[in-house]
Amino acid sequence: MRESIFARQKALLGPEEQARLRAATVFVAGIGGLGGFVAEGLTRFGIGGLVLVDPDRVSPSDLNRQILYTAKDVGAFKAQVAKERLLAIRDDLWVEAWVQPVSERTVIPSQTKVVVDALDNWESRFVLDELARKAGKYLVHAGLSGFFGQVTTISPDATSRLKDIFAGAREEEIPSAVFSICAVLAALQVQEVVNIICGRGPRLAGRLLVVDLEHYGFEMVPLVK
Amino acid sequence: MVKIKLLGTLRLRFTPWEKEIPLKDSLPLAELLALLEKEYPGLLAHLLEGKELKPGVVILVNGKNIHHLAGLETQVSPGDTVVIFPPGAGG
């Protein structure tokens, strides 16, 4: 069954790279507009394991963009619904659903290869960044506002930390969010995670990719430590 | 010449998104922003509260956040690139 799922990507990922993905676990913090798409993308790419972390339940206002959930899931915990959906795509996936917020007490499992920041506020992001630093893991960040957003990778030792790059950043009270910007940013996060695990990257460490879907602009900003 | 780049939702209000400002000598960022107000009327109100940077606004000078330089007193020199944007927090 596994071979048939990945038949169309054999020309892009060799057996060794596919095996690396198969052996890797990714920690996804936030299973909303970004995190749901990231988790599904990594599952379809062939990741071996996922830890899904989100304390929230599915609400009707999530359904415009959060691809793992349907109307029948409203009221259920996102991490648990996400786990069921991902196992329906690939039943050989190892997946844990953690119904809890990211905090200083969160422990990133040692087998984690990459941490994905798909959270929705800076305070939690900076906590996650510190957890990733202490655990010695790459952190792939994305954040969005309306039709705009940004992606970058924080390395354990070679780049500035998230709190340094985004010092002064604040969240809006109710940020606007649509499917398209979530999909584009999360797809970039998926690609970066795959590149890191397969030894092709990171390609966004020390670089901030700012996305503008209003005018179809992609701007790469070099970052200095 | 200093290169100015406006990114993110600032692009909804201000054009052009990139501009080169002629500069012969270094000057503090606050003075550069005052110069920019002539090119982008209303920009200062978006960026500053009094003499402080508004929460939510990030300015990078040559790829480094000014909070880790000298803030609005950061010296900007010919050849520098100044990126101004409110990073997206949503997920």
# chains A, B, ... in the order shown; residues from 1 in each chain; ligands from 1
call {"tool": "closest_atom_pairs", "arguments": {"of": "region 35-145 of chain A", "to": "region 164-184 of chain A", "cutoff": "8 Å", "atoms": "only C-alpha atoms", "output": "tab-separated table"}}
result
residue	atom	partner	partner_atom	distance
A:Phe37	CA	A:Ala183	CA	6.6
A:Asn64	CA	A:Phe179	CA	6.4
A:Arg65	CA	A:Phe179	CA	4.1
A:Gln66	CA	A:Phe179	CA	7.4
A:Asn121	CA	A:Glu171	CA	6.1
A:Trp122	CA	A:Arg170	CA	6.8
A:Leu144	CA	A:Ile181	CA	7.4
A:Ser145	CA	A:Pro175	CA	6.0
call {"tool": "closest_atom_pairs", "arguments": {"of": "chain B", "to": "chain A", "cutoff": "7 Å", "atoms": "only C-alpha atoms", "output": "tab-separated table"}}
result
residue	atom	partner	partner_atom	distance
B:Gly8	CA	A:Phe148	CA	5.5
B:Thr9	CA	A:Phe148	CA	6.6
B:Pro55	CA	A:Gly168	CA	5.6
B:Gly56	CA	A:Ala169	CA	4.1
B:Val57	CA	A:Ala169	CA	6.0
B:Val58	CA	A:Gly168	CA	6.1
B:Gly63	CA	A:Leu223	CA	4.1
B:Lys64	CA	A:Val224	CA	5.5
B:Asn65	CA	A:Ile165	CA	5.8
B:His67	CA	A:Ala167	CA	6.4
B:Pro86	CA	A:Ala169	CA	6.9
B:Pro87	CA	A:Ala169	CA	6.5
B:Gly88	CA	A:Leu144	CA	3.9
B:Ala89	CA	A:Gly143	CA	4.9
B:Gly90	CA	A:Asp120	CA	4.4
B:Gly91	CA	A:Asp120	CA	4.5
call {"tool": "residues_around", "arguments": {"residues": "region 81-84 of chain B", "least_positions_apart": "3", "cutoff": "9 Å", "atoms": "only C-alpha atoms", "output": "PyMOL selection string"}}
result
(chain A and resi 221) or (chain B and resi 2-8+10+47+57-63+76-78)
call {"tool": "write_last_selection", "arguments": {"atoms": "C-alpha atoms", "output": "compact mmCIF listing (two decimals), in the first residue's frame"}}
result
# COMPACT_ATOMS: atom_id res chain seq x y z
CA VAL A 221 14.61 39.42 3.01
CA VAL B 2 19.00 54.03 1.00
CA LYS B 3 16.59 51.35 -0.18
CA ILE B 4 13.18 51.34 1.53
CA LYS B 5 10.89 48.31 1.33
CA LEU B 6 7.32 48.29 2.62
CA LEU B 7 5.94 44.79 3.15
CA GLY B 8 2.82 43.12 4.49
CA LEU B 10 1.46 48.38 4.62
CA LEU B 47 4.58 53.58 12.50
CA VAL B 57 5.62 47.43 13.65
CA VAL B 58 8.91 45.74 12.83
CA ILE B 59 11.77 47.58 11.14
CA LEU B 60 14.84 45.73 9.90
CA VAL B 61 17.97 47.64 8.97
CA ASN B 62 20.19 45.42 6.82
CA GLY B 63 18.31 42.37 8.10
CA VAL B 76 21.22 54.56 8.55
CA SER B 77 23.94 54.95 5.93
CA PRO B 78 24.06 55.12 2.14
call {"tool": "select_by_dssp", "arguments": {"residues": "region 31-157 of chain A", "states": "strand (DSSP E or B)", "output": "PyMOL selection string"}}
result
chain A and resi 49-53+57+77+94-98+112-117+138-145+148-154
call {"tool": "write_last_selection", "arguments": {"atoms": "C-alpha atoms", "output": "compact mmCIF listing (two decimals), in the first residue's frame"}}
result
# COMPACT_ATOMS: atom_id res chain seq x y z
CA GLY A 49 5.41 10.44 12.86
CA LEU A 50 3.58 13.57 13.97
CA VAL A 51 2.94 15.11 17.36
CA LEU A 52 -0.09 17.40 17.08
CA VAL A 53 -0.42 20.03 19.80
CA ARG A 57 -12.02 22.67 19.89
CA PHE A 77 -10.88 18.75 20.07
CA TRP A 94 2.47 7.26 13.99
CA VAL A 95 0.55 10.20 15.44
CA GLU A 96 -0.01 11.60 18.89
CA ALA A 97 -2.71 14.15 19.71
CA TRP A 98 -1.83 16.45 22.60
CA THR A 112 11.57 15.02 16.90
CA LYS A 113 13.45 16.13 13.78
CA VAL A 114 11.75 19.48 13.17
CA VAL A 115 9.36 21.75 15.10
CA VAL A 116 6.67 23.59 13.16
CA ASP A 117 5.36 26.91 14.46
CA TYR A 138 15.04 23.41 13.73
CA LEU A 139 11.91 25.58 14.01
CA VAL A 140 9.96 26.37 10.83
CA HIS A 141 7.85 29.48 11.46
CA ALA A 142 4.93 31.00 9.60
CA GLY A 143 2.46 33.72 10.54
CA LEU A 144 -0.26 35.52 8.64
CA SER A 145 -2.46 38.59 8.54
CA PHE A 148 -0.14 38.52 3.83
CA GLY A 149 2.29 36.41 5.81
CA GLN A 150 5.86 35.30 6.35
CA VAL A 151 7.94 32.14 6.64
CA THR A 152 11.42 31.61 8.05
CA THR A 153 13.49 28.86 9.63
CA ILE A 154 15.27 29.19 12.96
call {"tool": "closest_residue", "arguments": {"among": "B:Leu72, B:Leu35, B:Leu12, B:Ile66", "to": "Leu48 (chain B)", "atoms": "only C-alpha atoms"}}
result
B:Leu72
call {"tool": "atom_distance", "arguments": {"atom1": "CA of Leu42 (chain A)", "atom2": "CA of Ala187 (chain A)"}}
result
9.5 Å
call {"tool": "select_by_dssp", "arguments": {"residues": "chain B", "states": "alpha helix (DSSP H)", "output": "compact mmCIF listing (two decimals) with C-alpha atoms, in the first residue's frame"}}
result
# COMPACT_ATOMS: atom_id res chain seq x y z
CA LEU B 29 16.36 56.25 11.51
CA ALA B 30 13.87 58.68 13.09
CA GLU B 31 15.05 61.38 10.68
CA LEU B 32 14.81 59.01 7.73
CA LEU B 33 11.22 58.18 8.70
CA ALA B 34 10.45 61.92 8.81
CA LEU B 35 11.82 62.17 5.26
CA LEU B 36 9.64 59.22 4.25
CA GLU B 37 6.52 61.01 5.47
CA LYS B 38 6.94 63.38 2.52
CA GLU B 39 7.03 60.44 0.12
CA LEU B 43 3.09 56.67 7.07
CA LEU B 44 4.43 58.15 10.32
CA ALA B 45 1.03 57.83 11.99
CA HIS B 46 1.13 54.13 11.09
CA LEU B 47 4.58 53.58 12.50
call {"tool": "atom_distance", "arguments": {"atom1": "CA of Ile5 (chain A)", "atom2": "CA of Glu84 (chain A)"}}
result
18.3 Å
call {"tool": "closest_residue", "arguments": {"among": "A:Val127, A:Arg200, A:Val107, A:Ala205", "to": "Thr159 (chain A)", "atoms": "only C-alpha atoms"}}
result
A:Ala205
